[in-house]
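Undergrad: Got a structure for you, written out below as structure tokens; questions coming shortly.
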Amino acid sequence: QVQLVESGGGLVQAGGSLRLSCAASGRTFSNYAMGWFRQAPGKEREFVAAISWSGGTSYYADFVMGRFTVSRDNGKNTVYLELDSLQPEDTAVYYCAAGSMRDGLSIAVVSATWSYDSWGQGTQVTVSS
């Protein structure tokens, strides 16, 4: 497994932006597809975005609507999630995850929690109205 540590969360007003980072260690980072999920109080964990091991393909949940951007730097063993135009309903703990997935998979696969075998501890994002 790979060890993951998220950072960059915080409190922001509606319409604001945050950049989340997830640093990986322990295994070859470039072998893993990376996903971002979030969990709000009282709700199930939901898929936000994912990026293939090469960085060539990105996937997004429908609710993102162009507001978030996932990227990765394999040289720095880090994946990022840029959050723009944040709204109060985006308030949640955001988790990154690593999965040994090949390129070209459907969003149904990359958005499933069972596709990932390593998870970070999460970072809190709070959006005030």
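Following the order of the structure tokens, chains are lettered A, B, ..., residues in each are numbered from 1, and ligands are numbered from 1.
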Show me a table, sorted first by chain and then by increasing residue number, of the residues of segment 34-107 of chain A having an atom at most 12 Å from segment 10-18 of chain A, each with its shortest atom pair and the distance in Å to one decimal, counting only C-alpha atoms and written as a tab-separated table.

TA:
```
residue	atom	partner	partner_atom	distance
A:Arg67	CA	A:Ser17	CA	9.5
A:Phe68	CA	A:Ser17	CA	9.4
A:Thr69	CA	A:Leu18	CA	10.9
A:Tyr80	CA	A:Leu18	CA	10.4
A:Leu81	CA	A:Leu18	CA	8.3
A:Glu82	CA	A:Leu18	CA	6.1
A:Leu83	CA	A:Leu18	CA	5.1
A:Asp84	CA	A:Ser17	CA	4.4
A:Ser85	CA	A:Gly15	CA	4.2
A:Leu86	CA	A:Gly15	CA	4.9
A:Gln87	CA	A:Ala14	CA	4.9
A:Pro88	CA	A:Ala14	CA	6.4
A:Glu89	CA	A:Ala14	CA	9.6
A:Asp90	CA	A:Ala14	CA	9.5
A:Thr91	CA	A:Leu11	CA	9.2
A:Ala92	CA	A:Gly10	CA	10.4
A:Val93	CA	A:Gly10	CA	10.1
A:Tyr94	CA	A:Gly10	CA	10.8
```

Undergrad: Dump all heavy atoms for the selected residues as a short mmCIF file (atom, residue, chain, number, x, y, z; two decimals), in the first residue's frame?

TA:
```cif
data_model
loop_
_atom_site.label_atom_id
_atom_site.label_comp_id
_atom_site.auth_asym_id
_atom_site.auth_seq_id
_atom_site.Cartn_x
_atom_site.Cartn_y
_atom_site.Cartn_z
N ARG A 67 -16.12 23.18 -11.69
CA ARG A 67 -15.59 24.01 -10.61
C ARG A 67 -14.30 23.47 -10.01
O ARG A 67 -13.52 24.23 -9.43
CB ARG A 67 -16.65 24.13 -9.51
CG ARG A 67 -17.95 24.75 -9.96
CD ARG A 67 -18.94 24.83 -8.80
NE ARG A 67 -19.25 23.51 -8.27
CZ ARG A 67 -19.21 23.18 -6.97
NH1 ARG A 67 -18.85 24.10 -6.08
NH2 ARG A 67 -19.51 21.96 -6.56
N PHE A 68 -14.06 22.18 -10.13
CA PHE A 68 -12.90 21.54 -9.52
C PHE A 68 -11.97 21.01 -10.61
O PHE A 68 -12.42 20.61 -11.68
CB PHE A 68 -13.31 20.38 -8.62
CG PHE A 68 -14.24 20.73 -7.50
CD1 PHE A 68 -14.87 19.70 -6.78
CD2 PHE A 68 -14.51 22.03 -7.13
CE1 PHE A 68 -15.73 19.98 -5.74
CE2 PHE A 68 -15.38 22.33 -6.09
CZ PHE A 68 -16.00 21.29 -5.41
N THR A 69 -10.67 20.97 -10.30
CA THR A 69 -9.70 20.43 -11.25
C THR A 69 -8.73 19.52 -10.51
O THR A 69 -8.13 19.93 -9.51
CB THR A 69 -8.90 21.56 -11.92
OG1 THR A 69 -9.80 22.46 -12.57
CG2 THR A 69 -7.94 20.99 -12.96
N TYR A 80 -3.33 16.83 -6.65
CA TYR A 80 -3.96 18.06 -6.22
C TYR A 80 -5.43 18.06 -6.60
O TYR A 80 -5.86 17.43 -7.56
CB TYR A 80 -3.28 19.27 -6.89
CG TYR A 80 -1.79 19.33 -6.67
CD1 TYR A 80 -0.91 18.84 -7.62
CD2 TYR A 80 -1.26 19.89 -5.50
CE1 TYR A 80 0.46 18.88 -7.43
CE2 TYR A 80 0.11 19.94 -5.31
CZ TYR A 80 0.96 19.44 -6.27
OH TYR A 80 2.32 19.50 -6.07
N LEU A 81 -6.20 18.83 -5.84
CA LEU A 81 -7.58 19.10 -6.20
C LEU A 81 -7.83 20.58 -5.99
O LEU A 81 -7.83 21.06 -4.85
CB LEU A 81 -8.56 18.27 -5.36
CG LEU A 81 -10.03 18.41 -5.77
CD1 LEU A 81 -10.26 17.83 -7.16
CD2 LEU A 81 -10.94 17.71 -4.75
N GLU A 82 -7.98 21.29 -7.08
CA GLU A 82 -8.27 22.72 -7.04
C GLU A 82 -9.78 22.88 -6.94
O GLU A 82 -10.53 22.38 -7.80
CB GLU A 82 -7.74 23.40 -8.30
CG GLU A 82 -7.93 24.90 -8.34
CD GLU A 82 -6.90 25.64 -7.48
OE1 GLU A 82 -5.78 25.13 -7.34
OE2 GLU A 82 -7.25 26.72 -6.96
N LEU A 83 -10.22 23.58 -5.89
CA LEU A 83 -11.65 23.79 -5.65
C LEU A 83 -11.97 25.26 -5.87
O LEU A 83 -11.48 26.12 -5.14
CB LEU A 83 -12.01 23.39 -4.21
CG LEU A 83 -11.59 22.01 -3.74
CD1 LEU A 83 -11.87 21.85 -2.24
CD2 LEU A 83 -12.33 20.93 -4.52
N ASP A 84 -12.77 25.55 -6.86
CA ASP A 84 -13.17 26.92 -7.16
C ASP A 84 -14.68 27.06 -7.03
O ASP A 84 -15.42 26.08 -7.09
CB ASP A 84 -12.72 27.31 -8.57
CG ASP A 84 -11.21 27.32 -8.72
OD1 ASP A 84 -10.54 27.85 -7.82
OD2 ASP A 84 -10.72 26.81 -9.74
N SER A 85 -15.14 28.30 -6.89
CA SER A 85 -16.57 28.59 -6.79
C SER A 85 -17.23 27.70 -5.73
O SER A 85 -18.29 27.12 -5.96
CB SER A 85 -17.25 28.39 -8.15
OG SER A 85 -16.69 29.23 -9.13
N LEU A 86 -16.61 27.61 -4.58
CA LEU A 86 -17.11 26.74 -3.53
C LEU A 86 -18.44 27.23 -2.98
O LEU A 86 -18.69 28.44 -2.89
CB LEU A 86 -16.08 26.64 -2.40
CG LEU A 86 -14.88 25.74 -2.70
CD1 LEU A 86 -13.74 26.02 -1.75
CD2 LEU A 86 -15.30 24.28 -2.62
N GLN A 87 -19.26 26.28 -2.64
CA GLN A 87 -20.58 26.55 -2.08
C GLN A 87 -20.73 25.84 -0.74
O GLN A 87 -20.02 24.86 -0.48
CB GLN A 87 -21.66 26.10 -3.06
CG GLN A 87 -21.62 26.81 -4.39
CD GLN A 87 -21.76 28.31 -4.26
OE1 GLN A 87 -22.61 28.82 -3.53
NE2 GLN A 87 -20.90 29.05 -4.98
N PRO A 88 -21.65 26.29 0.11
CA PRO A 88 -21.82 25.63 1.42
C PRO A 88 -22.05 24.13 1.32
O PRO A 88 -21.61 23.38 2.20
CB PRO A 88 -23.03 26.36 2.01
CG PRO A 88 -22.97 27.72 1.40
CD PRO A 88 -22.46 27.50 0.01
N GLU A 89 -22.68 23.67 0.27
CA GLU A 89 -22.93 22.24 0.12
C GLU A 89 -21.67 21.45 -0.20
O GLU A 89 -21.69 20.21 -0.21
CB GLU A 89 -23.99 21.98 -0.95
CG GLU A 89 -23.73 22.63 -2.28
CD GLU A 89 -24.40 24.00 -2.43
OE1 GLU A 89 -24.52 24.72 -1.41
OE2 GLU A 89 -24.79 24.32 -3.57
N ASP A 90 -20.56 22.15 -0.45
CA ASP A 90 -19.28 21.47 -0.66
C ASP A 90 -18.58 21.18 0.67
O ASP A 90 -17.51 20.55 0.68
CB ASP A 90 -18.36 22.33 -1.53
CG ASP A 90 -18.89 22.50 -2.94
OD1 ASP A 90 -19.35 21.49 -3.53
OD2 ASP A 90 -18.85 23.63 -3.46
N THR A 91 -19.14 21.63 1.77
CA THR A 91 -18.56 21.38 3.07
C THR A 91 -18.52 19.88 3.36
O THR A 91 -19.54 19.19 3.28
CB THR A 91 -19.38 22.10 4.16
OG1 THR A 91 -19.26 23.51 3.98
CG2 THR A 91 -18.87 21.73 5.55
N ALA A 92 -17.33 19.39 3.67
CA ALA A 92 -17.14 17.96 3.90
C ALA A 92 -15.68 17.71 4.27
O ALA A 92 -14.84 18.60 4.15
CB ALA A 92 -17.49 17.15 2.64
N VAL A 93 -15.41 16.49 4.69
CA VAL A 93 -14.04 16.02 4.79
C VAL A 93 -13.67 15.43 3.44
O VAL A 93 -14.40 14.59 2.90
CB VAL A 93 -13.87 14.97 5.90
CG1 VAL A 93 -12.43 14.46 5.93
CG2 VAL A 93 -14.26 15.57 7.26
N TYR A 94 -12.55 15.88 2.90
CA TYR A 94 -12.10 15.43 1.59
C TYR A 94 -10.95 14.43 1.78
O TYR A 94 -9.99 14.71 2.50
CB TYR A 94 -11.65 16.62 0.74
CG TYR A 94 -12.81 17.40 0.17
CD1 TYR A 94 -13.61 18.17 1.01
CD2 TYR A 94 -13.12 17.37 -1.18
CE1 TYR A 94 -14.70 18.88 0.51
CE2 TYR A 94 -14.20 18.07 -1.69
CZ TYR A 94 -14.98 18.82 -0.84
OH TYR A 94 -16.06 19.52 -1.34
#
```

Undergrad: Which residues in chain A does DSSP call strand (DSSP E)? List them as a ChimeraX atom specification.

TA: /A:3-7,10-13,18-25,33-39,46-51,58-60,68-73,78-83,92-99,118-119,123-128

Undergrad: Going by DSSP on the backbone, which bits of segment 3-127 of chain A are helix (DSSP H, G or I)? Write them as a ChimeraX atom specification, please.

TA: /A:29-31,62-64,88-90,107-110,113-115

Undergrad: Would you mind listing what lies within 8 Å of Gly8 of chain A as a list in words, with only C-alpha atoms counted and same-chain residues fewer than 6 positions away left out?

TA: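 Those residues are Leu18, Arg19, Leu20, Ser21 and Thr123 of chain A.
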
Undergrad: Deliver the residues from the most recent selection as a file, using all heavy atoms, as a PDB file, in the first residue's frame.

TA:
```pdb
ATOM      1  N   LEU A  18      -9.971  26.829  -2.772  1.00  0.00           N
ATOM      2  CA  LEU A  18      -8.961  26.132  -1.994  1.00  0.00           C
ATOM      3  C   LEU A  18      -8.213  25.186  -2.917  1.00  0.00           C
ATOM      4  O   LEU A  18      -8.762  24.719  -3.926  1.00  0.00           O
ATOM      5  CB  LEU A  18      -9.587  25.326  -0.856  1.00  0.00           C
ATOM      6  CG  LEU A  18     -10.105  26.079   0.368  1.00  0.00           C
ATOM      7  CD1 LEU A  18     -10.862  25.120   1.282  1.00  0.00           C
ATOM      8  CD2 LEU A  18      -8.975  26.747   1.116  1.00  0.00           C
ATOM      9  N   ARG A  19      -6.987  24.862  -2.531  1.00  0.00           N
ATOM     10  CA  ARG A  19      -6.218  23.855  -3.261  1.00  0.00           C
ATOM     11  C   ARG A  19      -5.806  22.773  -2.280  1.00  0.00           C
ATOM     12  O   ARG A  19      -5.025  23.033  -1.360  1.00  0.00           O
ATOM     13  CB  ARG A  19      -4.980  24.457  -3.911  1.00  0.00           C
ATOM     14  CG  ARG A  19      -4.275  23.498  -4.853  1.00  0.00           C
ATOM     15  CD  ARG A  19      -2.908  24.017  -5.250  1.00  0.00           C
ATOM     16  NE  ARG A  19      -2.369  23.338  -6.426  1.00  0.00           N
ATOM     17  CZ  ARG A  19      -1.079  23.320  -6.738  1.00  0.00           C
ATOM     18  NH1 ARG A  19      -0.200  23.929  -5.969  1.00  0.00           N
ATOM     19  NH2 ARG A  19      -0.670  22.707  -7.839  1.00  0.00           N
ATOM     20  N   LEU A  20      -6.334  21.596  -2.488  1.00  0.00           N
ATOM     21  CA  LEU A  20      -5.987  20.452  -1.655  1.00  0.00           C
ATOM     22  C   LEU A  20      -4.799  19.717  -2.261  1.00  0.00           C
ATOM     23  O   LEU A  20      -4.697  19.598  -3.482  1.00  0.00           O
ATOM     24  CB  LEU A  20      -7.173  19.503  -1.526  1.00  0.00           C
ATOM     25  CG  LEU A  20      -8.495  20.108  -1.058  1.00  0.00           C
ATOM     26  CD1 LEU A  20      -9.548  19.009  -0.899  1.00  0.00           C
ATOM     27  CD2 LEU A  20      -8.334  20.911   0.211  1.00  0.00           C
ATOM     28  N   SER A  21      -3.945  19.209  -1.396  1.00  0.00           N
ATOM     29  CA  SER A  21      -2.805  18.405  -1.819  1.00  0.00           C
ATOM     30  C   SER A  21      -2.852  17.061  -1.128  1.00  0.00           C
ATOM     31  O   SER A  21      -3.368  16.943  -0.007  1.00  0.00           O
ATOM     32  CB  SER A  21      -1.488  19.104  -1.476  1.00  0.00           C
ATOM     33  OG  SER A  21      -1.372  20.352  -2.116  1.00  0.00           O
ATOM     34  N   THR A 123      -9.037  15.833   4.980  1.00  0.00           N
ATOM     35  CA  THR A 123      -8.832  17.239   5.332  1.00  0.00           C
ATOM     36  C   THR A 123     -10.189  17.947   5.262  1.00  0.00           C
ATOM     37  O   THR A 123     -10.944  17.745   4.319  1.00  0.00           O
ATOM     38  CB  THR A 123      -7.792  17.904   4.418  1.00  0.00           C
ATOM     39  OG1 THR A 123      -7.536  19.240   4.868  1.00  0.00           O
ATOM     40  CG2 THR A 123      -8.236  17.958   2.962  1.00  0.00           C
TER      41      THR A 123
END
```

Undergrad: Record the distance separating atom CA of Gly26 of chain A and atom CA of Ala49 of chain A, expressed in Å with one decimal.

TA: 22.7 Å

Undergrad: Determine the nearest neighbour of Gly55 of chain A from the options A:Ser106, A:Thr126, A:Thr113, A:Ser30, counting only C-alpha atoms.

TA: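 Nearest to Gly55 of chain A: A:Ser30.
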
Undergrad: From the list A:Ala108, A:Val48, A:Trp36, A:Trp114, which residue is nearest Val64 of chain A when using only C-alpha atoms?

TA: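 Closest candidate: A:Val48.
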
Undergrad: At what distance in Å, to one decimal, does atom CA of Glu46 of chain A lie from atom CA of Ser118 of chain A?

TA: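 For atom CA of Ser118 of chain A relative to atom CA of Glu46 of chain A, the distance reads 15.8 Å.
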